[in-house]
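With mmCIF, C-alpha atoms and all ligand atoms inside, this is work_15.cif:
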```cif
data_protein
loop_
_atom_site.label_atom_id
_atom_site.label_comp_id
_atom_site.auth_asym_id
_atom_site.auth_seq_id
_atom_site.Cartn_x
_atom_site.Cartn_y
_atom_site.Cartn_z
CA MET S 244 16.11 -3.82 -27.68
CA THR S 245 14.42 -5.89 -24.92
CA THR S 246 12.98 -4.08 -21.92
CA ALA S 247 15.76 -5.46 -19.74
CA GLU S 248 18.31 -3.99 -22.13
CA ALA S 249 16.43 -0.71 -22.05
CA GLY S 250 16.71 -0.73 -18.24
CA ARG S 251 20.38 -1.52 -18.51
CA ALA S 252 20.84 1.31 -20.95
CA ALA S 253 19.25 3.64 -18.41
CA ASP S 254 21.92 2.85 -15.83
CA PRO S 255 24.57 0.86 -17.70
CA ALA S 256 27.44 1.40 -15.27
CA ALA S 257 25.65 -0.07 -12.26
CA TYR S 258 24.41 -3.15 -14.12
CA THR S 259 27.72 -3.71 -15.89
CA ALA S 260 29.58 -3.58 -12.58
CA LEU S 261 27.15 -5.96 -10.88
CA ARG S 262 27.23 -8.36 -13.82
CA ARG S 263 31.02 -8.44 -13.72
CA GLN S 264 31.11 -9.11 -9.97
CA ASP S 265 28.07 -11.34 -9.58
CA PRO S 266 26.56 -12.48 -12.88
CA GLU S 267 24.23 -14.93 -11.14
CA LEU S 268 22.52 -12.21 -9.09
CA ALA S 269 22.69 -9.66 -11.93
CA GLU S 270 20.58 -12.03 -14.02
CA VAL S 271 17.94 -12.12 -11.27
CA LEU S 272 17.79 -8.30 -11.08
CA LEU S 273 17.60 -7.92 -14.84
CA GLY S 274 15.05 -10.71 -15.10
CA GLU S 275 12.86 -8.98 -12.52
CA LEU S 276 13.18 -5.67 -14.36
CA ASP S 277 12.10 -7.46 -17.51
CA ARG S 278 9.16 -9.13 -15.68
CA GLN S 279 8.02 -5.77 -14.26
CA SER S 280 8.33 -4.17 -17.70
CA SER S 281 6.66 -6.83 -19.84
CA THR S 282 3.70 -7.75 -17.60
CA LEU S 283 1.11 -5.49 -15.92
CA GLN S 284 1.39 -5.08 -12.15
CA LEU S 285 -2.20 -4.98 -10.98
CA ILE S 286 -1.42 -5.97 -7.38
CA ALA S 287 -3.25 -3.26 -5.42
CA ALA S 288 -0.38 -2.80 -2.97
CA GLU S 289 2.37 -2.33 -5.57
CA ASN S 290 3.74 0.61 -7.51
CA TYR S 291 6.87 1.77 -9.35
CA THR S 292 9.04 4.16 -7.36
CA SER S 293 10.90 6.95 -9.10
CA ARG S 294 14.58 6.59 -9.90
CA ALA S 295 15.23 9.22 -7.21
CA VAL S 296 13.68 6.91 -4.60
CA LEU S 297 15.74 3.98 -5.91
CA THR S 298 18.87 6.14 -5.76
CA ALA S 299 18.27 6.93 -2.09
CA LEU S 300 17.67 3.22 -1.40
CA GLY S 301 20.92 2.29 -3.09
CA SER S 302 22.95 5.05 -1.40
CA PRO S 303 25.70 4.80 1.25
CA LEU S 304 23.07 5.64 3.88
CA ALA S 305 22.42 1.88 3.74
CA ASN S 306 25.70 1.47 5.63
CA LYS S 307 24.81 3.64 8.59
CA TYR S 308 23.76 2.43 12.04
CA ALA S 309 21.49 4.94 13.74
CA GLU S 310 19.63 3.67 16.80
CA GLY S 311 17.53 6.37 18.40
CA TYR S 312 16.21 9.61 16.96
CA PRO S 313 17.85 12.71 15.41
CA GLY S 314 19.99 14.46 18.02
CA ALA S 315 19.74 11.48 20.40
CA ARG S 316 21.47 8.52 18.72
CA HIS S 317 23.32 5.60 20.26
CA HIS S 318 25.89 5.71 17.45
CA GLY S 319 28.41 8.29 16.27
CA GLY S 320 28.55 9.80 12.81
CA CYS S 321 24.83 10.44 12.53
CA GLU S 322 25.01 14.14 11.61
CA LEU S 323 23.88 13.66 8.04
CA VAL S 324 21.38 10.84 8.54
CA ASP S 325 19.84 13.02 11.26
CA VAL S 326 19.24 15.66 8.59
CA ALA S 327 17.66 13.03 6.32
CA GLU S 328 15.30 11.83 9.06
CA ARG S 329 14.32 15.40 10.02
CA ILE S 330 13.54 16.16 6.37
CA ALA S 331 11.43 12.98 6.19
CA THR S 332 9.44 13.72 9.36
CA ASP S 333 8.97 17.42 8.47
CA ARG S 334 7.73 16.49 4.99
CA ALA S 335 5.38 13.80 6.34
CA LYS S 336 3.90 16.23 8.90
CA ALA S 337 3.39 18.92 6.25
CA LEU S 338 1.98 16.48 3.67
CA PHE S 339 -0.63 15.01 6.00
CA GLY S 340 -1.18 17.93 8.40
CA ALA S 341 -0.09 15.83 11.39
CA ASP S 342 1.36 17.02 14.71
CA HIS S 343 3.93 14.23 14.80
CA ALA S 344 5.43 11.71 12.38
CA ASN S 345 7.58 8.66 13.02
CA VAL S 346 9.14 7.38 9.80
CA GLN S 347 11.22 4.52 11.22
CA SER S 348 8.78 1.59 11.00
CA HIS S 349 10.31 -1.07 8.79
CA SER S 350 6.90 -2.06 7.36
CA GLY S 351 3.17 -1.48 7.66
CA SER S 352 2.92 -4.39 10.10
CA SER S 353 5.70 -2.94 12.28
CA ALA S 354 3.83 0.37 12.34
CA VAL S 355 0.65 -1.36 13.55
CA LEU S 356 2.64 -3.33 16.15
CA ALA S 357 4.11 -0.07 17.45
CA ALA S 358 0.69 1.63 17.52
CA TYR S 359 -0.67 -1.22 19.67
CA ALA S 360 2.45 -1.12 21.86
CA ALA S 361 1.97 2.62 22.37
CA LEU S 362 -1.68 2.44 23.37
CA LEU S 363 -2.51 -1.08 24.61
CA ARG S 364 -1.52 -3.75 27.13
CA PRO S 365 -1.57 -7.48 26.31
CA GLY S 366 -5.08 -8.85 26.84
CA ASP S 367 -6.86 -5.60 25.90
CA THR S 368 -9.93 -5.81 23.70
CA VAL S 369 -9.65 -4.34 20.18
CA LEU S 370 -12.46 -3.88 17.65
CA ALA S 371 -11.33 -4.23 14.01
CA MET S 372 -12.64 -5.43 10.67
CA GLY S 373 -12.86 -9.23 10.76
CA LEU S 374 -10.28 -11.00 8.61
CA PRO S 375 -12.87 -12.72 6.37
CA TYR S 376 -14.17 -9.24 5.45
CA GLY S 377 -10.83 -7.62 4.64
CA GLY S 378 -9.10 -7.06 7.96
CA HIS S 379 -5.28 -7.31 7.78
CA LEU S 380 -3.29 -10.02 9.60
CA THR S 381 -2.38 -7.37 12.18
CA HIS S 382 -6.09 -6.89 12.92
CA GLY S 383 -6.38 -10.05 15.01
CA SER S 384 -5.20 -13.06 12.99
CA PRO S 385 -4.41 -15.97 15.34
CA ALA S 386 -1.26 -16.48 13.25
CA ASN S 387 -0.08 -12.93 14.05
CA PHE S 388 1.12 -11.16 17.23
CA SER S 389 -2.15 -9.22 17.21
CA GLY S 390 -4.40 -12.25 17.62
CA ARG S 391 -2.02 -13.83 20.13
CA TRP S 392 -1.64 -10.83 22.42
CA PHE S 393 -4.97 -9.02 22.19
CA ASP S 394 -8.62 -9.98 22.35
CA PHE S 395 -10.03 -8.99 18.95
CA VAL S 396 -13.69 -8.51 18.17
CA GLY S 397 -14.46 -8.35 14.44
CA TYR S 398 -16.98 -6.21 12.61
CA GLY S 399 -18.20 -7.29 9.19
CA LEU S 400 -19.66 -5.79 6.04
CA ASP S 401 -23.27 -5.48 5.00
CA PRO S 402 -23.99 -8.72 3.07
CA GLU S 403 -26.16 -6.89 0.54
CA THR S 404 -24.01 -3.86 -0.23
CA GLY S 405 -20.50 -4.94 0.85
CA LEU S 406 -20.25 -1.64 2.74
CA ILE S 407 -19.17 -1.09 6.35
CA ASP S 408 -22.21 -1.23 8.61
CA TYR S 409 -21.45 1.71 10.92
CA GLU S 410 -24.41 0.87 13.16
CA GLN S 411 -22.90 -2.57 13.75
CA VAL S 412 -19.52 -0.98 14.56
CA ARG S 413 -21.19 1.29 17.14
CA ALA S 414 -23.20 -1.56 18.65
CA LEU S 415 -20.09 -3.77 18.99
CA ALA S 416 -18.13 -0.88 20.48
CA ARG S 417 -20.89 -0.28 23.05
CA ALA S 418 -21.17 -3.99 23.86
CA HIS S 419 -17.45 -4.85 24.11
CA ARG S 420 -15.99 -1.52 25.33
CA PRO S 421 -12.69 -2.06 23.42
CA LYS S 422 -9.54 -0.17 24.36
CA ALA S 423 -9.03 0.62 20.67
CA VAL S 424 -11.05 0.62 17.48
CA VAL S 425 -9.13 -0.06 14.24
CA CYS S 426 -10.38 1.14 10.86
CA GLY S 427 -8.65 0.10 7.65
CA SER S 428 -8.66 -2.90 5.35
CA ILE S 429 -6.71 -4.76 2.71
CA ALA S 430 -9.58 -4.80 0.22
CA TYR S 431 -12.25 -2.19 1.02
CA PRO S 432 -12.73 -0.22 -2.23
CA ARG S 433 -14.75 2.67 -0.78
CA HIS S 434 -13.85 5.72 1.29
CA ILE S 435 -13.98 5.14 5.03
CA ASP S 436 -16.17 7.42 7.17
CA TYR S 437 -13.55 8.32 9.78
CA ALA S 438 -15.97 10.61 11.65
CA ALA S 439 -18.33 7.65 12.18
CA PHE S 440 -15.45 5.54 13.52
CA ARG S 441 -14.40 8.43 15.80
CA ALA S 442 -17.93 8.62 17.16
CA ALA S 443 -18.03 4.85 17.79
CA ALA S 444 -14.64 4.97 19.55
CA ASP S 445 -15.69 7.95 21.66
CA GLU S 446 -18.88 6.20 22.80
CA ALA S 447 -16.74 3.31 24.06
CA GLY S 448 -13.98 5.52 25.48
CA ALA S 449 -11.59 3.84 23.01
CA TYR S 450 -8.60 5.02 21.02
CA LEU S 451 -9.10 5.18 17.26
CA ILE S 452 -6.28 3.67 15.19
CA ALA S 453 -6.53 4.17 11.41
CA ASP S 454 -4.56 1.59 9.43
CA ALA S 455 -4.49 3.61 6.21
CA ALA S 456 -1.85 1.48 4.47
CA HIS S 457 -3.88 1.38 1.26
CA PRO S 458 -5.42 4.85 0.84
CA MET S 459 -2.52 6.95 2.24
CA GLY S 460 -1.18 7.89 -1.20
CA LEU S 461 -4.66 8.97 -2.27
CA VAL S 462 -4.88 11.04 0.92
CA ALA S 463 -1.54 12.69 0.05
CA GLY S 464 -2.88 13.57 -3.39
CA GLY S 465 -6.22 14.86 -2.11
CA ALA S 466 -8.15 11.99 -3.74
CA ALA S 467 -9.41 10.38 -0.51
CA PRO S 468 -10.50 11.71 2.90
CA SER S 469 -7.80 11.96 5.56
CA PRO S 470 -7.96 9.97 8.80
CA VAL S 471 -5.50 12.38 10.47
CA PRO S 472 -8.08 14.78 12.00
CA TYR S 473 -10.04 11.86 13.49
CA ALA S 474 -7.65 9.11 14.57
CA ASP S 475 -5.39 9.14 17.62
CA VAL S 476 -2.80 7.21 15.64
CA VAL S 477 -2.57 6.68 11.88
CA CYS S 478 -0.44 3.80 10.55
CA ALA S 479 0.48 3.51 6.89
CA THR S 480 2.82 1.93 4.40
CA THR S 481 4.93 4.13 2.16
CA HIS S 482 5.06 1.80 -0.83
CA LYS S 483 1.51 1.52 -2.15
CA VAL S 484 -0.20 4.45 -3.95
CA LEU S 485 2.20 6.73 -2.02
CA ARG S 486 4.93 5.38 -4.34
CA GLY S 487 7.82 5.40 -1.89
CA PRO S 488 10.16 2.65 -0.69
CA ARG S 489 8.82 -0.44 1.10
CA GLY S 490 8.26 0.65 4.69
CA GLY S 491 5.89 2.06 7.28
CA MET S 492 5.11 5.32 9.02
CA ILE S 493 3.05 6.50 11.97
CA LEU S 494 1.31 9.85 12.45
CA CYS S 495 -0.21 10.94 15.74
CA ARG S 496 -1.39 13.80 17.89
CA GLY S 497 1.33 15.72 19.73
CA GLU S 498 0.53 14.33 23.19
CA LEU S 499 1.09 10.75 21.94
CA ALA S 500 4.39 11.52 20.20
CA GLU S 501 6.70 10.26 22.92
CA ARG S 502 4.71 7.06 23.47
CA VAL S 503 4.69 6.32 19.74
CA ASP S 504 8.41 7.02 19.34
CA ARG S 505 9.30 4.78 22.28
CA ALA S 506 6.99 2.07 20.94
CA VAL S 507 8.96 2.04 17.66
CA PHE S 508 12.44 2.32 19.22
CA PRO S 509 13.46 0.73 21.55
CA PHE S 510 10.29 -1.33 22.12
CA THR S 511 9.72 -3.01 18.75
CA GLN S 512 12.72 -2.11 16.56
CA GLY S 513 16.46 -1.54 16.69
CA GLY S 514 18.49 0.59 14.31
CA ALA S 515 16.58 2.71 11.83
CA GLN S 516 17.15 1.98 8.14
CA MET S 517 18.48 5.34 7.08
CA HIS S 518 18.58 4.65 3.33
CA THR S 519 14.87 3.78 3.46
CA ILE S 520 14.12 6.86 5.56
CA ALA S 521 15.94 9.03 3.00
CA ALA S 522 13.91 7.34 0.25
CA LYS S 523 10.71 8.03 2.22
CA ALA S 524 11.75 11.72 2.35
CA VAL S 525 12.17 11.73 -1.43
CA ALA S 526 8.74 10.13 -1.89
CA PHE S 527 7.07 12.61 0.48
CA GLY S 528 8.67 15.43 -1.52
CA GLU S 529 7.27 13.96 -4.74
CA ALA S 530 3.84 13.44 -3.15
CA ALA S 531 3.64 17.16 -2.28
CA THR S 532 3.77 18.19 -5.96
CA PRO S 533 0.84 19.07 -8.24
CA ALA S 534 1.96 16.20 -10.50
CA PHE S 535 1.28 13.74 -7.68
CA THR S 536 -2.14 15.28 -7.00
CA ALA S 537 -2.99 14.72 -10.67
CA TYR S 538 -1.60 11.18 -10.43
CA ALA S 539 -3.73 10.30 -7.37
CA HIS S 540 -6.90 11.53 -9.08
CA GLN S 541 -6.00 9.63 -12.26
CA VAL S 542 -5.48 6.45 -10.20
CA VAL S 543 -9.10 6.73 -9.01
CA ALA S 544 -10.47 7.68 -12.44
CA ASN S 545 -8.67 4.67 -13.92
CA ALA S 546 -9.97 2.32 -11.22
CA ARG S 547 -13.54 3.50 -11.80
CA VAL S 548 -13.30 2.85 -15.55
CA LEU S 549 -11.64 -0.53 -15.01
CA ALA S 550 -14.31 -1.59 -12.48
CA GLN S 551 -17.11 -0.50 -14.81
CA ALA S 552 -15.59 -2.21 -17.85
CA LEU S 553 -15.05 -5.43 -15.90
CA ALA S 554 -18.62 -5.30 -14.62
CA ALA S 555 -19.71 -5.17 -18.28
CA GLU S 556 -17.53 -8.27 -18.88
CA GLY S 557 -19.38 -10.13 -16.10
CA PHE S 558 -16.97 -9.66 -13.18
CA ALA S 559 -19.13 -8.28 -10.38
CA PRO S 560 -17.13 -5.66 -8.45
CA SER S 561 -17.75 -5.73 -4.69
CA THR S 562 -19.82 -2.68 -3.56
CA GLY S 563 -20.65 -2.12 -7.26
CA GLY S 564 -17.45 -0.21 -7.99
CA THR S 565 -14.72 1.78 -6.27
CA ASP S 566 -13.81 5.19 -4.80
CA THR S 567 -10.13 4.32 -4.63
CA HIS S 568 -7.33 2.51 -6.47
CA LEU S 569 -8.67 -0.87 -5.38
CA ILE S 570 -11.16 -3.27 -6.97
CA LEU S 571 -12.41 -6.57 -5.58
CA ALA S 572 -14.21 -8.61 -8.25
CA ASP S 573 -15.93 -11.96 -8.23
CA PRO S 574 -15.09 -14.23 -11.20
CA ALA S 575 -17.90 -16.69 -10.30
CA PRO S 576 -20.18 -15.66 -13.21
CA HIS S 577 -17.43 -17.02 -15.49
CA GLY S 578 -17.62 -20.35 -13.68
CA VAL S 579 -13.97 -20.08 -12.63
CA PRO S 580 -12.72 -20.08 -9.01
CA ALA S 581 -10.58 -17.05 -8.10
CA ALA S 582 -7.38 -19.10 -7.73
CA VAL S 583 -7.81 -20.57 -11.23
CA ALA S 584 -8.61 -17.13 -12.66
CA ARG S 585 -5.49 -15.68 -11.01
CA GLY S 586 -3.38 -18.41 -12.62
CA ARG S 587 -4.84 -17.75 -16.09
CA LEU S 588 -4.35 -13.99 -15.64
CA ALA S 589 -0.75 -14.49 -14.50
CA ALA S 590 -0.06 -16.68 -17.54
CA ALA S 591 -1.29 -13.79 -19.69
CA GLY S 592 0.94 -11.31 -17.85
CA LEU S 593 -1.77 -9.73 -15.68
CA VAL S 594 -0.42 -10.00 -12.13
CA LEU S 595 -2.85 -9.71 -9.21
CA ASP S 596 -4.04 -11.35 -5.95
CA THR S 597 -6.99 -13.30 -4.66
CA CYS S 598 -8.73 -12.17 -1.51
CA ALA S 599 -11.74 -13.13 0.63
CA LEU S 600 -15.02 -11.76 -0.68
CA PRO S 601 -17.20 -9.84 1.80
CA GLY S 602 -19.18 -12.27 3.87
CA GLY S 603 -16.35 -14.76 3.92
CA ASP S 604 -18.03 -17.03 1.37
CA GLY S 605 -15.48 -17.59 -1.34
CA ARG S 606 -12.62 -15.65 -2.79
CA GLY S 607 -12.44 -12.86 -5.33
CA LEU S 608 -9.77 -11.12 -7.40
CA ARG S 609 -8.16 -8.07 -5.79
CA PHE S 610 -6.32 -5.58 -7.96
CA GLY S 611 -5.56 -1.88 -8.33
CA THR S 612 -4.46 0.88 -10.68
CA ALA S 613 -1.52 2.48 -8.80
CA ALA S 614 1.26 0.94 -10.91
CA VAL S 615 -0.35 1.13 -14.35
CA THR S 616 -1.22 4.80 -13.69
CA THR S 617 2.41 5.51 -12.78
CA GLN S 618 3.29 4.04 -16.18
CA GLY S 619 1.11 6.74 -17.75
CA MET S 620 -1.94 4.67 -18.65
CA ARG S 621 -5.32 6.38 -18.70
CA GLU S 622 -9.00 5.53 -19.23
CA GLY S 623 -8.51 4.13 -22.77
CA GLU S 624 -5.90 1.66 -21.55
CA MET S 625 -8.19 0.62 -18.66
CA ALA S 626 -10.88 -0.41 -21.14
CA ARG S 627 -8.22 -2.38 -23.02
CA ILE S 628 -7.01 -4.06 -19.81
CA ALA S 629 -10.60 -5.08 -18.98
CA ALA S 630 -10.94 -6.76 -22.39
CA LEU S 631 -7.59 -8.53 -21.97
CA PHE S 632 -8.57 -9.55 -18.43
CA ALA S 633 -11.78 -11.19 -19.66
CA GLY S 634 -9.94 -12.80 -22.56
CA ALA S 635 -7.32 -14.25 -20.20
CA VAL S 636 -9.92 -15.74 -17.86
CA ARG S 637 -11.68 -17.24 -20.92
CA GLU S 638 -8.27 -18.57 -22.08
CA GLU S 639 -8.48 -16.85 -25.46
CA ASP S 640 -5.44 -16.94 -27.75
CA GLY S 641 -3.09 -13.99 -28.15
CA VAL S 642 -3.71 -12.29 -24.80
CA ARG S 643 -0.12 -12.67 -23.55
CA ASP S 644 1.24 -10.99 -26.70
CA ALA S 645 -1.33 -8.19 -26.44
CA VAL S 646 -0.39 -7.56 -22.77
CA ARG S 647 3.30 -7.48 -23.71
CA GLU S 648 2.56 -4.99 -26.48
CA LEU S 649 0.55 -2.74 -24.14
CA ALA S 650 3.16 -2.88 -21.36
CA GLY S 651 5.90 -2.17 -23.91
CA ARG S 652 4.26 1.13 -24.82
CA PHE S 653 4.41 2.30 -21.16
CA PRO S 654 7.84 1.28 -19.83
CA PRO S 655 8.06 1.82 -16.05
CA TYR S 656 11.77 2.66 -16.26
CA PRO S 657 12.19 4.16 -19.71
CA THR S 658 15.54 5.21 -21.03
CA VAL S 659 16.40 8.87 -20.55
CA GLY S 660 14.28 11.13 -22.73
CA THR S 661 11.28 8.78 -22.91
CA PRO S 662 8.13 10.02 -21.13
CA GLY S 663 6.99 8.12 -18.04
CA ALA S 664 6.31 9.13 -14.44
CA ALA S 665 8.57 6.54 -12.88
CA ALA S 666 11.57 8.03 -14.64
CA SER S 667 11.05 11.52 -13.31
C1 LIG F 1 -4.34 -2.52 5.84
C2 LIG F 1 -2.93 -3.01 5.89
N1 LIG F 1 -2.26 -2.97 7.04
C3 LIG F 1 -1.00 -3.39 7.15
C4 LIG F 1 -0.32 -3.89 6.06
C5 LIG F 1 1.07 -4.42 6.25
O1 LIG F 1 2.06 -3.85 5.51
P1 LIG F 1 3.46 -4.63 5.33
O2 LIG F 1 3.23 -5.70 4.33
O3 LIG F 1 4.39 -3.55 4.89
O4 LIG F 1 3.82 -5.19 6.68
C6 LIG F 1 -0.98 -3.95 4.82
C7 LIG F 1 -0.27 -4.49 3.63
O5 LIG F 1 -0.76 -4.70 2.59
C8 LIG F 1 -2.31 -3.49 4.73
O6 LIG F 1 -2.98 -3.55 3.58
#
```
Now, as a test, write the supplied structure out as structure tokens.
Ligand SMILES: Cc1ncc(COP(=O)(O)O)c(C=O)c1O
Amino acid sequence: MTTAEAGRAADPAAYTALRRQDPELAEVLLGELDRQSSTLQLIAAENYTSRAVLTALGSPLANKYAEGYPGARHHGGCELVDVAERIATDRAKALFGADHANVQSHSGSSAVLAAYAALLRPGDTVLAMGLPYGGHLTHGSPANFSGRWFDFVGYGLDPETGLIDYEQVRALARAHRPKAVVCGSIAYPRHIDYAAFRAAADEAGAYLIADAAHPMGLVAGGAAPSPVPYADVVCATTHKVLRGPRGGMILCRGELAERVDRAVFPFTQGGAQMHTIAAKAVAFGEAATPAFTAYAHQVVANARVLAQALAAEGFAPSTGGTDTHLILADPAPHGVPAAVARGRLAAAGLVLDTCALPGGDGRGLRFGTAAVTTQGMREGEMARIAALFAGAVREEDGVRDAVRELAGRFPPYPTVGTPGAAAS
């Protein structure tokens, strides 16, 4: 049985019905299931949601218009979706120990947009990690609303260590007196010292916005420090290590709640996507379990082993390793540019991204262990992945088959009765 057939067997009625109605699209869905099951998803921002999350996403809540907030909607018939949104916000507040949660942001970028809208005026100065060092597009890219509407000052990373230079952050905050300081990155593999950022923001009289899109799932599982006690506003995605549906969320102190809510709706968004909000509630419920705590710690243990094994294979990990799910490695010692290495890895079924290396001089390979850990892989499999990784970059024979064999032993959506976290 192929993996796609195994997925079909898991939910035969839905796939049979779709295939009968729309065979062209059914082939795309089944093909993607097969791709996700027969290759390894090492993209640091990806994961496999549970079937319960997928069920909420595919539920009739997708049909419901619900502008506004629970108890104050602009549409009728919101009694039940109101319950779903209250469950989601209550679970998010409890999970992260926050005064207030807004779970309506359609994406991580929308959450950051709303955070800026809540706290800033166009033209304000904002201090954030520079894009060549791992800042996100929403941290001042000229191609993004952030760079167009605000005056961004970028901090960098120590060229020797690849670590955040907190003295530089403080000096820039003192010199530029920003209205907000942003901490968070698309590629920083170490824990962030939120207290140091709070101190820098306080010295400048600035708000502190934590864009914790990447580590938020580790925070939920107690495997990374929480920005919540330090930041005025915390933005996050729900689909990375947190393992929920694609979307965003915002946490904040009680006195900012109304400003944040109004910044999401009606300022930057219209109707909330109630099926996604219900799926976020399911994911927050899962993230509150001891199983998720164990998962988050295993994600980090796996990333550490993978980083170490790759270092032994000659891929220098930025900062010398990782505290998180994320690894940024330089393939230069193999004499292969990152884009070429990514192509060879993809051909072997190892799917990942390239990303700027600290210092902005060249690109590296960015990858993570969230998805493979959800599949049930542990330290032994990480050592195997490192060997396959090196073999793929060196264009050795047989790597694609070996990756397929490894992936096949850890199906992300196994048939009922087969072990695997994503099926739970
Ligand atoms: C730090 C950071 N902020 C914001 C985002 C944006 O999230 P989205 O792609 O959901 O808009 C990302 C996505 O990877 C991110 O890493």
Next on the checklist: Using only C-alpha atoms and all ligand atoms, which residues have at least one atom no more than 10 Å from ligand LIG 1 (chain F)? Output them as a VMD selection string.
Outcome noted: chain S and resid 287 to 289 348 to 356 377 to 382 425 to 431 453 to 458 478 to 483 489 to 492
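What separates CA of Ala531 (chain S) from CA of Ala613 (chain S) is a distance of 16.9 Å.
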Wanna dump the region 315-381 of chain S-region 401-422 of chain S contacts at 10 Å for me, each residue with its shortest atom pair and the distance in Å to one decimal, counting only C-alpha atoms, ordered by chain and number, as a Markdown table?
```
| residue | atom | partner | partner_atom | distance |
| --- | --- | --- | --- | --- |
| S:Leu362 | CA | S:Lys422 | CA | 8.3 |
| S:Leu363 | CA | S:Lys422 | CA | 7.1 |
| S:Arg364 | CA | S:Lys422 | CA | 9.2 |
| S:Asp367 | CA | S:Lys422 | CA | 6.2 |
| S:Thr368 | CA | S:Pro421 | CA | 4.7 |
| S:Val369 | CA | S:Pro421 | CA | 5.0 |
| S:Leu370 | CA | S:Pro421 | CA | 6.1 |
| S:Ala371 | CA | S:Val412 | CA | 8.8 |
| S:Met372 | CA | S:Ile407 | CA | 9.0 |
| S:Tyr376 | CA | S:Gly405 | CA | 8.9 |
```
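Going from CA of Ala439 (chain S) over to CA of Gln551 (chain S), you cover 28.2 Å.
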Next on the checklist: Counting all atoms listed in the file, which residue out of S:Pro580, S:Pro655, S:Gly464, S:Gly634 sits closest to Arg606 (chain S)?
Outcome noted: S:Pro580
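Note that the spacing between CA of Lys336 (chain S) and CA of Ala463 (chain S) amounts to 11.0 Å.
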Checklist entry - Leaving out Ala575 (chain S) and any residue of its chain fewer than 3 positions from it, which residues lie within 10 Å of it when counting only C-alpha atoms, given as JSON, numbers by chain? => result {"S": [557, 558, 559, 572, 578, 579, 580, 581, 584, 605, 606, 607]}
